[in-house]
Each structure stands twice: as C-alpha cells, then as structure tokens.
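Single-structure report; data block below.
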Amino acid sequence: MNVTKRSYDAVIVGAGGAGLRAALQLAEAGLNIAVLSKVFPTRSHTVAAQGGVAASLGNSDEDHWHWHMYDTVKGSDWLGDQDSIEYMCRMAPEVVYELEHFGMPFTRTEDGRIYQRPFGGHMSNFGEKPVRRACAAADRTGHAMLHTLYQRNVRANTRFFVEWMALDLVRGPEGEVLGVTAIEMETGEVSVFQAKATLFATGGSGRMYYASTNAFINTGDGLGMAARAGLPIQDMEFFQFHPTGVYGAGILITEGVRGEGGILRNKDGERFMERYAPNAKDLASRDVVSRAMATEIKEGRGCGPEKDHLLLDLSHLDPDVIIRRLPGIREISIRFAGADPVREPIPVVPTAHYQMGGIPTLYSGRVVAPKNGDPDAVVPGFYAAGECACASVHGGNRLGCNSLLDLLVFGRSAGDSMIEDIGKMPGALPDLRRDAAEGSLARLDRLESQKDGESVHEVQAAMRRTMQEHCGVFRFPEMLAKGVAEIEAVAERVSRTGIGDHSRVFNTARIEALEVENLIEAAKATMMGAANREESRGAQARADFPERDDTNWLKHSLWYREGNRIDYRPVHLKPLTVETVALKKRVY
Amino acid sequence: MPTMQFKIYRYDPDRDERPRMQDISVEIDAADRKLLDVLVKLKAKDDSIGYRRSCREGVCGSDAMNINGKNGLACLTEVKDLKQPVVLRPLPGLPVIRDLIVDMTQFFKQYHSIRPYLINDEPPPERERLQSPEDREELDGLYECILCACCSTSCPSFWWNPDKYVGPAGLLQAYRFLCDTRDQATSERLDDLDDPYRLFRCHSIMNCVDACPKELNPMAAIGKIKAMMLARTV
C-alpha cells in the first residue's frame, strides 16, 4: 500500500474540548498544524457534558481557588498530583472568562454575570458548606463549549483532517515521538503525519463497560496507541461511575439536577443519602453517592419490579426551574425514560462515565514515562490532554465540572508547551525511517486477511460484559481474579477479529475493529489495576480491603502492555505555591 | 421476538455500479427502543452497512438520515412508531459517499460562510462581558443547533442552490450571532446576507421546522434576519 508522508510543526489527535483548545493556541501562534479527528469536531463527546465547568468566579457566593483546590484534592482521595491541581484551580477563572470572550453562551445571573450552580463536592472554606461554583450554559455546557471552541478555530483557520483515524504512534531511536500514522476513512488510504510535537486529546474509554454514559466513539484510542508504543498508562483502576445514568439507556443525567435541588430516593421514598453523607447529602462526591446507591440496591431497597434502580425526584422543584435551567434533562428524560420530571421521578442507576486514569503527564501537558530512576522523565515530542491524559488532577475520583475545566486548562498548557518546545527545534524535520508505518500496515493486513475471524460485535460485547460484572462499583477479590483471566481471553479473541466488509470506501466495520484493538488495552489496564491495588480509595472500592492504605498505596500505578505488568510512580504531594493539603479521612 | 423489516439504500462506489435498495430484517426485543439500537443489530448481521453515529442521545448530530421519507436522527426515532418496511435513505440533496453516509462539505461550507464566531474587536474586560438574562434569552432556540443537517437537506431551495443559498442551518446560526448583544459585526453580517441567494432563497416552505429533531425554528430566525434588514433600510 502507498503511504503518503505529511509534515507539520504539530499534529493533534482528537478535536474535542482539549484538542480544540490546544489547536487554538497553536493556530493563533501561526504554527503549521494538523488536527485529526474520527468525527466532525462538534460530534466529539465533550458535546454531551451537561452541568458546568468549575471555576471560583464567586459570582453568587464568596469563593476562592484555594477552596476549589482543597475540594479537588479531597475529591481525588489524595491521589491527585497537588501541583497539577493547584495549577488547574488557579487558572480556572482565566480560562472560563476567556471562553466567555470567545462567545460562549453562558446562562446569566440577574446582574449579567456567568450563572453558577452548586455541584457535588464543591464547598466553601475548605469543606464547610456547598458553594455555587459550576459555571453553566443551562444544562448544555459541553455542547456550548465545544461549539464555541470549534467556532473560534474556524476564525483561526485551523486545518482539520475530519474523519481520519490515527492508528499508531511513530517513535524514534531514543523513544522520542515523531508523529502518528492515520487512515482516511473516506478513501481507506494511510498517511504518516510527521511532527515536531504530537498531542493526544483522544478522550476516554467508557465503551469498555456494558452500561455507559459514553458515546460510541469513546474507545480509548490514545491509550491503545500509547500502550502499543511501549508507554505506560496510569491509574486506570479509578473509573468513575456516575450516580445518575438513565436506567436501561445509560444516558447521563447531570449532577446539576441535584445541584438545583433534585433528591435521590429509594423504594420507600426515603432520601437515603442523609444516612451516607449527613453534611453534603445528595451532593457528596460521585464515588460516595454511587456506592450508596449500589448498597441500597444490594440491600433490597431498589425501585421497580426488579428492585434494580433508584429514583431522582425533581417534582418538588418549581417547574420553571426545570424548564429554564434543565431543559436538556427534561428532553432526555421524556425521550429515554418516558418520564416528564416536572411530574414524575427519573429512574436512574450508577453508570460507567469517566476514566480518571490515562497517559501520565505533568501539568505542562508533557507526557512522562519513568526512565533511569526518574519517575517524571519526559517523553520528547509527546503531549496529552483531556480525558485520555492523567495530569493527575482527578486522582481516585473526579469532581463534577472538573472535566470541562481539565480540557480548557491542560489543552491550553499543552499548546503552550508545544509552542515553547517547537521554538527550540528550528529547521526542517529529519526524514523518518522508511518503515515508519510498518506496524500499522501489518495490523491492517492482518485484519483484511483474517480467516474465520471473531466477530467484532461479539468480542466487544464480551469485553463489556466482563468489565461490567467483574470491575464495577464494588470490587471483590474472586471476581477480579476471574475478570483478569476473562479479559485476557477476550484480548486473545481481539487479536483474531475478522470483518466481512473489505471495501476501501468509508469502511466502518474496519474502523470498529481498530477501535476494539484500542479499547481492549484500556480494559486490560483497568482490570489489572483494580486486581492489583489492595486498598479502597476513591472509585476503587475493594470488598477485601475496605480502607484507604496510605502507607502502601499512596502512589500512582502504571500499567505496561508488554508483560501485562504494573509499576508505580510517586504522587506529587507538593503544590506549586501553597501548603500541601494534608492527608486525612475523607467524609462528606 | 418480533422481526422488523427494512429497505436500506446501499451504494459502495468501490463495488457497486449504481445504488440499490437492500431488503433486510432483524429480530428486535424490548430493549431496542430507538432506531439506532436496531441499526447496531443490523450491522452485527451485515457489517457492510455504512452509517455515522456517536453520542446516541441526540446531541452530536451524527446519525441524521432519511427515515420513511422524513429526515431525522436514528437515535431519537422511536422504533414503535415506525411503519414497516422501514425505508432508510441518506439525507437528500448531498452527494453520497457510501450507503447512508453523505458528503457534508457543502453544508459546512455554508455554515462557515456566515462567520460563525463572535466578532468583537474591543479588548475584553478582565472578567466576563456582562449580558442581561433577557439578552441571553434571545440566544435560546438558536445556540442548541447540533449541525445534523436535517433541516438544510429537507429544503428545496438548498437542494437547488447548495452553493449559493446559506440554508436554514447556516441562517439559524447567522441569527444566533446577529442577536448576541456581545457581537459588533451586525451591519457586516447583514451586508453579507443581503443577496438574492444567500438569504432570500428562503421561500418559507417550512420543511426545516418539520425536520429539526431539536425542535428549533430556522424559519422564524430567517424571518427575524429579514426584519432586521428591512429595519435598516427605513
């Protein structure tokens, strides 16, 4: 097959919030960039974010970035890197104002400022009482943000390669990253994109679970590519289950519903969160609420004939609040649950939502991989931002609205780092080795020529069932041990997938097969990490190790594909300018 | 399990001389509530059926197609409401790349042509620009567009002049910026649209309003642009 070679200052893979924010930085600096995306940019999953973006603007209540930082460290169950968290929370107001200046249609307060609502784990004065910190555009904040960022990129003349799927990282002899290979979906042709700087902004891997809030496209592509290139993936055992996915359909219902006053109830109509989190109640952190819900269901207090879900009640709210502040939720509830929340409660269940782990980076967006005893050794030429990256600001559990913030802050910082590093590399790029696309072509050839191949659909279903059963909200030792064996068996099947469609033109069967090859790496990392970490922290809740163990486990885990092994990296406990948020028991 | 019958438009330029309609059926169960759920099952049966999809909740705009003669999103279309055989075709009026996948270049070109971004050359304040809740409310019903193209590809004026007529989706966004109190390019934006084709090819056929899966009203927005244009001539 002919492979076209293309050269740029920078290549960005992914055009969701993080990719677009980084692209804007580079395009406005006048660099020659290529942005690759499997889908048209506004189809990226950022579009589905609802409730808001966190920033201590203090428009409605007194607020401070330091309180936001405290909440984020506590939310992370102390696994987050405190330098990255300080950086993110300090930058938050600036990146949100910037977005407003770009034209983002935020909802407004009476005095014309950005509207802010309460959200889970957002507290004032170091955990004292709820504070309105979530900056919102009704309940369509992600949609408004993604479109605004795309629009600003149109203004900046950013060069997009729409419906191009990146296949593999290209690395040099010293391990430096030199670009990516990619397939153009419309023609089936393969290109090598050579670049001085390569950014992954490829999003999450939530499709590894059977019940997921995630879009079809969230297949962990960046993680698969990084893992195949020999790079580690960090903290994947911390997978967030959102308390309120629509029962049966999995569609997200924002925490903003509870921020506006919505209440979770069990079959007896009891507001059960009062028992689990007496202070924050329904607005405790997501891991806490999801565990409470799973416990209610397990103990027979679930709703419906199968007693397998709970109810999110808004019926006591002013209908006008629902219609004006939560119009998208009302639409989703009517369409996917057949319930109008003005009158009836929404049936909900904890649903896989967000990967806290990912490709390890510093707060500058530079990717790290331990080398010669240096746990923070930078991989030259390689950057990551957004859900695919692990900066690590979310640690063991992400706070609501910190994901959209993460996209903006680290999309921008990665863009700035790329500009800085490219500035130190004058002149043309050296020629790539001739066989730079060899690995990718071999994978495509294998898929084309596979005889009696495994069905992609069935293999993916097996992966999703395995993850759901063995690596859910609560984790049990024997289930994890079985899960590790089962996911390895699924991985073996993934290496033998076959497709019926051999057309060159827009072959979606081929794309789905390539996606499963990425997703299985993320699934292995998650299952292995969960089986390995013998403690309970944030979203990792082990039945056999119910307590957090800071003596042995206050560390990031790193999963390597080769040898399916796990190593560790220290947590950055020292912030940039303030005192460390000291370890203590986490209660809401 | 009941069986559901489909007729699906198939065309793969790599193999087919000309388009054809494929008869195919699939067994469905109670969990298959939306058309997209059934399409996923159909693809498990015949992996060569090409269609786009992503969020499966009606916010990304990927899976627009012509369903029993009407444009809509597969992920929001109730299976129980569909007459069988369900006839699926690509969105009309755009070149077909393959099967249900159309080439949206022309659609996005028109969207880009209205300069879909805030224009305000004053140095921004240190904090947010202020906007009253009433002024912000003007953007409701406009900013929610998901660029699925259901409206523009149901519009005869757009079918005939896709290169010259902006079309309902682009004009809805043109008005979104025209009525944003933070935008300063009102007069340039109106100048750009003051053209027999770009704006005035809209003949109030109203297909756009029927087709919009988000229940937005491009025709009302077009009417408001026309009113703004009239207001500045008197």
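Labeling convention for the structure tokens: chains A, B, ... as they appear, residues from 1 per chain, ligands from 1 in order of appearance.
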
For chain B, list the residues within 9 Å of chain A, counting only C-alpha atoms, and write the list as a ChimeraX atom specification.
-> /B:12-15,31,33-34,43-44,46-62,76,78,97-98,101,112,115-120,124-134,136-137,139,143-144,146-147,180,182-183

Select from range 43-146 of chain A everything DSSP, run on the backbone, classes as strand (DSSP E), then give the selection as a list of chain:residue names.
-> A:Val53, A:Ala54, A:Gln116, A:Arg117, A:Met123, A:Ser124, A:Lys129, A:Pro130, A:Ala134, A:Cys135

Restrict the selected residues to C-alpha atoms and save them as a short mmCIF file (atom, residue, chain, number, x, y, z; two decimals), in the first residue's frame.
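Output contents, as saved in out-v4.cif:
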data_model
loop_
_atom_site.label_atom_id
_atom_site.label_comp_id
_atom_site.auth_asym_id
_atom_site.auth_seq_id
_atom_site.Cartn_x
_atom_site.Cartn_y
_atom_site.Cartn_z
CA VAL A 53 -17.33 23.95 34.26
CA ALA A 54 -15.84 24.59 37.70
CA GLN A 116 -23.08 29.35 38.76
CA ARG A 117 -24.85 26.42 40.42
CA MET A 123 -17.63 23.52 49.08
CA SER A 124 -16.55 26.84 50.51
CA LYS A 129 -20.71 24.16 53.11
CA PRO A 130 -21.85 23.97 49.46
CA ALA A 134 -20.29 25.32 38.42
CA CYS A 135 -20.42 27.82 35.53
#

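Surrounding range 549-557 of chain A within 9 Å are Trp78, Leu79, Gly80, Ile233, Gln234, Asp235, Met236, Glu237, Gly395, Gly529, Arg533, Glu534, Glu535, Ser536, Arg537, Phe545, Ile566, Asp567, Tyr568, Arg569, Pro570, Val571 and Leu583 of chain A, with only C-alpha atoms counted and residues fewer than 4 positions along the same chain left out.
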
Hey, can you spit out that residue selection with N, CA, C and O atoms as a PDB file, in the first residue's frame?
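As a result, result.pdb now contains:
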ATOM      1  N   TRP A  78      -6.814  12.069  47.729  1.00  0.00           N
ATOM      2  CA  TRP A  78      -5.387  12.372  47.890  1.00  0.00           C
ATOM      3  C   TRP A  78      -4.477  11.684  46.869  1.00  0.00           C
ATOM      4  O   TRP A  78      -3.272  11.688  46.997  1.00  0.00           O
ATOM      5  N   LEU A  79      -5.074  11.118  45.826  1.00  0.00           N
ATOM      6  CA  LEU A  79      -4.241  10.513  44.789  1.00  0.00           C
ATOM      7  C   LEU A  79      -3.855  11.527  43.702  1.00  0.00           C
ATOM      8  O   LEU A  79      -2.956  11.292  42.907  1.00  0.00           O
ATOM      9  N   GLY A  80      -4.538  12.666  43.665  1.00  0.00           N
ATOM     10  CA  GLY A  80      -4.223  13.675  42.648  1.00  0.00           C
ATOM     11  C   GLY A  80      -2.876  14.323  42.915  1.00  0.00           C
ATOM     12  O   GLY A  80      -2.439  14.433  44.063  1.00  0.00           O
ATOM     13  N   ILE A 233       0.341   3.380  31.087  1.00  0.00           N
ATOM     14  CA  ILE A 233      -0.934   4.053  31.323  1.00  0.00           C
ATOM     15  C   ILE A 233      -1.166   4.044  32.841  1.00  0.00           C
ATOM     16  O   ILE A 233      -0.942   3.032  33.499  1.00  0.00           O
ATOM     17  N   GLN A 234      -1.609   5.189  33.349  1.00  0.00           N
ATOM     18  CA  GLN A 234      -1.616   5.402  34.802  1.00  0.00           C
ATOM     19  C   GLN A 234      -3.016   5.329  35.406  1.00  0.00           C
ATOM     20  O   GLN A 234      -3.979   5.843  34.815  1.00  0.00           O
ATOM     21  N   ASP A 235      -3.110   4.704  36.586  1.00  0.00           N
ATOM     22  CA  ASP A 235      -4.303   4.780  37.465  1.00  0.00           C
ATOM     23  C   ASP A 235      -5.614   4.404  36.786  1.00  0.00           C
ATOM     24  O   ASP A 235      -6.668   4.995  37.088  1.00  0.00           O
ATOM     25  N   MET A 236      -5.584   3.427  35.892  1.00  0.00           N
ATOM     26  CA  MET A 236      -6.824   3.094  35.170  1.00  0.00           C
ATOM     27  C   MET A 236      -7.865   2.396  36.042  1.00  0.00           C
ATOM     28  O   MET A 236      -9.038   2.320  35.678  1.00  0.00           O
ATOM     29  N   GLU A 237      -7.432   1.870  37.208  1.00  0.00           N
ATOM     30  CA  GLU A 237      -8.422   1.213  38.080  1.00  0.00           C
ATOM     31  C   GLU A 237      -9.449   2.216  38.617  1.00  0.00           C
ATOM     32  O   GLU A 237     -10.507   1.830  39.105  1.00  0.00           O
ATOM     33  N   GLY A 395      -7.155  12.113  40.330  1.00  0.00           N
ATOM     34  CA  GLY A 395      -6.730  11.082  41.271  1.00  0.00           C
ATOM     35  C   GLY A 395      -7.679   9.908  41.301  1.00  0.00           C
ATOM     36  O   GLY A 395      -7.952   9.292  40.274  1.00  0.00           O
ATOM     37  N   GLY A 529      -5.220  -3.129  37.033  1.00  0.00           N
ATOM     38  CA  GLY A 529      -5.025  -2.130  38.080  1.00  0.00           C
ATOM     39  C   GLY A 529      -5.942  -2.398  39.270  1.00  0.00           C
ATOM     40  O   GLY A 529      -5.521  -2.310  40.427  1.00  0.00           O
ATOM     41  N   ARG A 533      -4.443  -3.303  43.061  1.00  0.00           N
ATOM     42  CA  ARG A 533      -4.427  -2.297  44.128  1.00  0.00           C
ATOM     43  C   ARG A 533      -5.222  -2.793  45.332  1.00  0.00           C
ATOM     44  O   ARG A 533      -6.454  -2.842  45.314  1.00  0.00           O
ATOM     45  N   GLU A 534      -4.518  -3.117  46.409  1.00  0.00           N
ATOM     46  CA  GLU A 534      -5.149  -3.736  47.574  1.00  0.00           C
ATOM     47  C   GLU A 534      -5.517  -2.680  48.610  1.00  0.00           C
ATOM     48  O   GLU A 534      -4.955  -2.625  49.712  1.00  0.00           O
ATOM     49  N   GLU A 535      -6.437  -1.819  48.237  1.00  0.00           N
ATOM     50  CA  GLU A 535      -6.967  -0.802  49.149  1.00  0.00           C
ATOM     51  C   GLU A 535      -8.258  -0.273  48.526  1.00  0.00           C
ATOM     52  O   GLU A 535      -8.570  -0.572  47.373  1.00  0.00           O
ATOM     53  N   SER A 536      -8.989   0.536  49.325  1.00  0.00           N
ATOM     54  CA  SER A 536     -10.137   1.257  48.785  1.00  0.00           C
ATOM     55  C   SER A 536      -9.825   2.738  48.837  1.00  0.00           C
ATOM     56  O   SER A 536      -9.461   3.279  49.883  1.00  0.00           O
ATOM     57  N   ARG A 537      -9.916   3.384  47.668  1.00  0.00           N
ATOM     58  CA  ARG A 537      -9.626   4.811  47.564  1.00  0.00           C
ATOM     59  C   ARG A 537     -10.440   5.323  46.379  1.00  0.00           C
ATOM     60  O   ARG A 537     -10.428   4.719  45.310  1.00  0.00           O
ATOM     61  N   PHE A 545     -10.430  -5.091  50.991  1.00  0.00           N
ATOM     62  CA  PHE A 545      -9.557  -4.065  51.589  1.00  0.00           C
ATOM     63  C   PHE A 545     -10.355  -2.764  51.675  1.00  0.00           C
ATOM     64  O   PHE A 545     -10.188  -1.866  50.861  1.00  0.00           O
ATOM     65  N   ILE A 566       2.644  -4.164  36.189  1.00  0.00           N
ATOM     66  CA  ILE A 566       2.344  -2.893  36.860  1.00  0.00           C
ATOM     67  C   ILE A 566       3.555  -2.381  37.622  1.00  0.00           C
ATOM     68  O   ILE A 566       4.268  -3.147  38.282  1.00  0.00           O
ATOM     69  N   ASP A 567       3.805  -1.092  37.478  1.00  0.00           N
ATOM     70  CA  ASP A 567       4.868  -0.417  38.210  1.00  0.00           C
ATOM     71  C   ASP A 567       4.234   0.807  38.897  1.00  0.00           C
ATOM     72  O   ASP A 567       3.021   0.991  38.819  1.00  0.00           O
ATOM     73  N   TYR A 568       5.045   1.618  39.528  1.00  0.00           N
ATOM     74  CA  TYR A 568       4.472   2.729  40.305  1.00  0.00           C
ATOM     75  C   TYR A 568       5.229   4.032  40.100  1.00  0.00           C
ATOM     76  O   TYR A 568       6.381   4.037  39.654  1.00  0.00           O
ATOM     77  N   ARG A 569       4.560   5.131  40.433  1.00  0.00           N
ATOM     78  CA  ARG A 569       5.150   6.469  40.397  1.00  0.00           C
ATOM     79  C   ARG A 569       4.671   7.200  41.634  1.00  0.00           C
ATOM     80  O   ARG A 569       3.491   7.071  42.000  1.00  0.00           O
ATOM     81  N   PRO A 570       5.515   8.011  42.267  1.00  0.00           N
ATOM     82  CA  PRO A 570       5.032   8.733  43.447  1.00  0.00           C
ATOM     83  C   PRO A 570       3.990   9.789  43.087  1.00  0.00           C
ATOM     84  O   PRO A 570       4.015  10.356  41.991  1.00  0.00           O
ATOM     85  N   VAL A 571       3.086  10.057  44.033  1.00  0.00           N
ATOM     86  CA  VAL A 571       2.131  11.153  43.884  1.00  0.00           C
ATOM     87  C   VAL A 571       2.866  12.462  44.194  1.00  0.00           C
ATOM     88  O   VAL A 571       3.694  12.504  45.097  1.00  0.00           O
ATOM     89  N   LEU A 583      -3.032  14.800  54.403  1.00  0.00           N
ATOM     90  CA  LEU A 583      -3.868  13.598  54.375  1.00  0.00           C
ATOM     91  C   LEU A 583      -4.823  13.575  55.556  1.00  0.00           C
ATOM     92  O   LEU A 583      -4.422  13.847  56.681  1.00  0.00           O
TER      93      LEU A 583
END

List the neighbours of range 190-195 of chain B out to 8 Å using only C-alpha atoms; skip same-chain residues closer than 4 positions along the sequence, and give me the result as a ChimeraX atom specification.
-> /B:114,186,199-200,225,229

Serialized selection, C-alpha atoms, as a PDB file, in the first residue's frame:
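Printed below is again-v4.pdb as written:
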ATOM      1  CA  ILE B 114     -21.702  33.131   7.877  1.00  0.00           C
ATOM      2  CA  THR B 186     -24.255  43.294  12.832  1.00  0.00           C
ATOM      3  CA  LEU B 199     -30.756  34.763   2.414  1.00  0.00           C
ATOM      4  CA  PHE B 200     -33.589  35.442   0.013  1.00  0.00           C
ATOM      5  CA  ILE B 225     -32.994  38.437   9.832  1.00  0.00           C
ATOM      6  CA  MET B 229     -32.622  44.018   7.077  1.00  0.00           C
TER       7      MET B 229
END

Quick one: residues within 8 Å of Phe410 in chain A, only C-alpha atoms counted, chain neighbours fewer than 3 positions away excluded, as a list of chain:residue names?
->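 Result of the neighbour search: A:Ala18, A:Met88, A:Tyr363, A:Ser364, A:Gly365, A:Ala385, A:Gly386, A:Asp406, A:Leu407, A:Ser413, A:Ala414.
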
Could those selected residues go to a file with C-alpha atoms, as a PDB file, in the first residue's frame?
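result_20.pdb was written with the following content:
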ATOM      1  CA  ALA A  18      -8.885  19.574  24.822  1.00  0.00           C
ATOM      2  CA  MET A  88      -5.789  23.911  37.320  1.00  0.00           C
ATOM      3  CA  TYR A 363       0.760  19.980  34.378  1.00  0.00           C
ATOM      4  CA  SER A 364       2.540  21.340  31.316  1.00  0.00           C
ATOM      5  CA  GLY A 365       0.853  18.599  29.257  1.00  0.00           C
ATOM      6  CA  ALA A 385      -4.583  16.499  27.498  1.00  0.00           C
ATOM      7  CA  GLY A 386      -8.169  15.871  28.485  1.00  0.00           C
ATOM      8  CA  ASP A 406      -9.313  20.000  32.705  1.00  0.00           C
ATOM      9  CA  LEU A 407      -9.898  20.253  28.914  1.00  0.00           C
ATOM     10  CA  SER A 413      -0.977  24.455  28.740  1.00  0.00           C
ATOM     11  CA  ALA A 414      -0.143  21.599  26.362  1.00  0.00           C
TER      12      ALA A 414
END

Could you pull the residues within 12 Å of Lys74 in chain A, counting only C-alpha atoms, minus those fewer than 3 positions along the same chain, as a PyMOL selection string?
-> chain A and resi 67-71+77-82+85+121-123+126-127+284-285+393-399+537-538+580-588

Which neighbours of range 24-28 of chain B fall inside 9 Å, counting only C-alpha atoms, when residues of the same chain fewer than 2 positions from it are skipped, and could you give them as a list in words?
->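 Here the qualifying residues turn out to be Met1, Pro2, Thr3, Met4, Gln5, Phe6, Lys7, Ile8, Gln22, Ala30, Ala31, Asp32, Val38, Lys41, Leu42, Lys45 and Pro85 of chain B.
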
Just the selected residues (all heavy atoms), exported as a tab-separated table (two decimals), in the first residue's frame, please.
chain	number	residue	atom	x	y	z
B	1	MET	N	-39.40	-13.16	19.70
B	1	MET	CA	-39.02	-11.78	19.37
B	1	MET	C	-39.60	-11.36	18.02
B	1	MET	O	-39.53	-12.12	17.06
B	1	MET	CB	-37.48	-11.68	19.28
B	1	MET	CG	-36.81	-11.63	20.65
B	1	MET	SD	-35.13	-11.01	20.56
B	1	MET	CE	-34.31	-12.22	19.54
B	2	PRO	N	-40.21	-10.19	17.96
B	2	PRO	CA	-40.75	-9.74	16.67
B	2	PRO	C	-39.63	-9.41	15.68
B	2	PRO	O	-38.52	-9.06	16.08
B	2	PRO	CB	-41.54	-8.48	17.04
B	2	PRO	CG	-40.99	-8.02	18.34
B	2	PRO	CD	-40.37	-9.19	19.02
B	3	THR	N	-39.95	-9.55	14.41
B	3	THR	CA	-38.99	-9.23	13.37
B	3	THR	C	-39.34	-7.88	12.76
B	3	THR	O	-40.50	-7.54	12.63
B	3	THR	CB	-39.04	-10.31	12.27
B	3	THR	OG1	-38.75	-11.56	12.88
B	3	THR	CG2	-38.04	-10.05	11.17
B	4	MET	N	-38.31	-7.12	12.42
B	4	MET	CA	-38.54	-5.81	11.83
B	4	MET	C	-37.94	-5.80	10.42
B	4	MET	O	-36.81	-6.23	10.22
B	4	MET	CB	-37.89	-4.76	12.72
B	4	MET	CG	-38.45	-3.39	12.52
B	4	MET	SD	-37.98	-2.31	13.89
B	4	MET	CE	-38.84	-0.86	13.36
B	5	GLN	N	-38.75	-5.30	9.47
B	5	GLN	CA	-38.32	-5.30	8.06
B	5	GLN	C	-37.75	-3.94	7.66
B	5	GLN	O	-38.33	-2.91	8.02
B	5	GLN	CB	-39.52	-5.59	7.15
B	5	GLN	CG	-40.37	-6.78	7.54
B	5	GLN	CD	-39.68	-8.09	7.24
B	5	GLN	OE1	-38.81	-8.15	6.36
B	5	GLN	NE2	-40.04	-9.14	7.96
B	6	PHE	N	-36.68	-3.99	6.91
B	6	PHE	CA	-36.06	-2.75	6.43
B	6	PHE	C	-35.81	-2.79	4.93
B	6	PHE	O	-35.59	-3.86	4.36
B	6	PHE	CB	-34.69	-2.55	7.12
B	6	PHE	CG	-34.79	-2.10	8.54
B	6	PHE	CD1	-34.97	-3.04	9.56
B	6	PHE	CD2	-34.71	-0.77	8.87
B	6	PHE	CE1	-35.07	-2.63	10.87
B	6	PHE	CE2	-34.81	-0.35	10.19
B	6	PHE	CZ	-34.98	-1.29	11.19
B	7	LYS	N	-35.83	-1.61	4.32
B	7	LYS	CA	-35.30	-1.40	2.97
B	7	LYS	C	-34.24	-0.32	3.12
B	7	LYS	O	-34.55	0.81	3.51
B	7	LYS	CB	-36.40	-0.89	2.04
B	7	LYS	CG	-37.20	-1.98	1.35
B	7	LYS	CD	-38.13	-1.34	0.33
B	7	LYS	CE	-39.06	-2.36	-0.32
B	7	LYS	NZ	-38.35	-3.48	-0.97
B	8	ILE	N	-33.01	-0.67	2.84
B	8	ILE	CA	-31.92	0.27	3.10
B	8	ILE	C	-31.19	0.62	1.80
B	8	ILE	O	-30.82	-0.28	1.02
B	8	ILE	CB	-30.92	-0.30	4.12
B	8	ILE	CG1	-31.65	-0.66	5.42
B	8	ILE	CG2	-29.80	0.70	4.41
B	8	ILE	CD1	-30.76	-1.23	6.51
B	22	GLN	N	-31.59	-2.52	-0.32
B	22	GLN	CA	-31.37	-3.84	0.27
B	22	GLN	C	-32.54	-4.18	1.19
B	22	GLN	O	-32.90	-3.39	2.06
B	22	GLN	CB	-30.07	-3.83	1.09
B	22	GLN	CG	-29.80	-5.12	1.85
B	22	GLN	CD	-28.63	-4.99	2.84
B	22	GLN	OE1	-28.23	-3.88	3.20
B	22	GLN	NE2	-28.07	-6.11	3.25
B	30	ALA	N	-37.44	-5.83	23.54
B	30	ALA	CA	-37.95	-4.65	24.23
B	30	ALA	C	-36.87	-3.59	24.46
B	30	ALA	O	-37.16	-2.40	24.57
B	30	ALA	CB	-38.56	-5.05	25.56
B	31	ALA	N	-35.60	-4.04	24.52
B	31	ALA	CA	-34.51	-3.08	24.78
B	31	ALA	C	-34.22	-2.21	23.56
B	31	ALA	O	-33.58	-1.16	23.68
B	31	ALA	CB	-33.26	-3.83	25.21
B	32	ASP	N	-34.69	-2.63	22.38
B	32	ASP	CA	-34.42	-1.85	21.17
B	32	ASP	C	-35.48	-0.78	21.00
B	32	ASP	O	-36.44	-0.94	20.27
B	32	ASP	CB	-34.42	-2.78	19.94
B	32	ASP	CG	-33.38	-3.87	20.07
B	32	ASP	OD1	-32.26	-3.56	20.49
B	32	ASP	OD2	-33.70	-5.03	19.77
B	38	VAL	N	-31.56	-0.62	16.72
B	38	VAL	CA	-31.81	-1.66	15.72
B	38	VAL	C	-30.73	-1.61	14.63
B	38	VAL	O	-30.30	-2.65	14.14
B	38	VAL	CB	-33.23	-1.50	15.11
B	38	VAL	CG1	-33.52	-2.62	14.14
B	38	VAL	CG2	-34.28	-1.46	16.21
B	41	LYS	N	-27.87	-3.60	15.66
B	41	LYS	CA	-28.14	-5.03	15.46
B	41	LYS	C	-27.99	-5.43	13.99
B	41	LYS	O	-27.44	-6.48	13.68
B	41	LYS	CB	-29.55	-5.38	15.93
B	41	LYS	CG	-29.62	-5.67	17.39
B	41	LYS	CD	-30.89	-6.42	17.76
B	41	LYS	CE	-30.77	-6.88	19.21
B	41	LYS	NZ	-32.07	-7.23	19.78
B	42	LEU	N	-28.50	-4.56	13.11
B	42	LEU	CA	-28.38	-4.84	11.67
B	42	LEU	C	-26.91	-4.91	11.26
B	42	LEU	O	-26.51	-5.74	10.46
B	42	LEU	CB	-29.08	-3.74	10.86
B	42	LEU	CG	-30.60	-3.87	10.72
B	42	LEU	CD1	-31.19	-2.59	10.16
B	42	LEU	CD2	-30.96	-5.06	9.82
B	45	LYS	N	-25.24	-8.05	11.96
B	45	LYS	CA	-25.65	-9.08	11.00
B	45	LYS	C	-24.93	-8.88	9.66
B	45	LYS	O	-24.49	-9.84	9.04
B	45	LYS	CB	-27.17	-8.94	10.81
B	45	LYS	CG	-27.87	-10.14	10.26
B	45	LYS	CD	-29.37	-9.92	10.37
B	45	LYS	CE	-30.08	-10.93	9.47
B	45	LYS	NZ	-31.53	-10.82	9.57
B	85	PRO	N	-42.17	-1.93	5.75
B	85	PRO	CA	-40.73	-1.93	5.99
B	85	PRO	C	-40.22	-0.50	6.19
B	85	PRO	O	-40.69	0.43	5.53
B	85	PRO	CB	-40.16	-2.54	4.69
B	85	PRO	CG	-41.18	-2.22	3.65
B	85	PRO	CD	-42.50	-2.28	4.34

Nearest residue to Val102 in chain B from the set B:Cys208, B:Val86, B:Cys148, B:Val79 (distances using only C-alpha atoms) | B:Cys148

When you draw a straight line from CA of Arg6 in chain A to CA of Gln194 in chain A, how long is it in Å?
-> 6.0 Å

Rank A:Ser191, A:Tyr383, A:Ile487, A:Glu174 by their smallest atom-to-atom distance to Arg412 in chain A, using only C-alpha atoms, and report the top residue only.
-> A:Tyr383

Using only C-alpha atoms: which of A:Gly302, A:Gly58, A:Gly19, A:Pro319 has the shortest distance to Pro118 in chain A |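 Closest to Pro118 in chain A, using only C-alpha atoms: A:Gly58.
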
Expressed in Å to a single decimal, how great is the separation between CA of Cys212 in chain B and CA of Cys150 in chain B?
->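 Separation of CA of Cys212 in chain B and CA of Cys150 in chain B: 6.1 Å.
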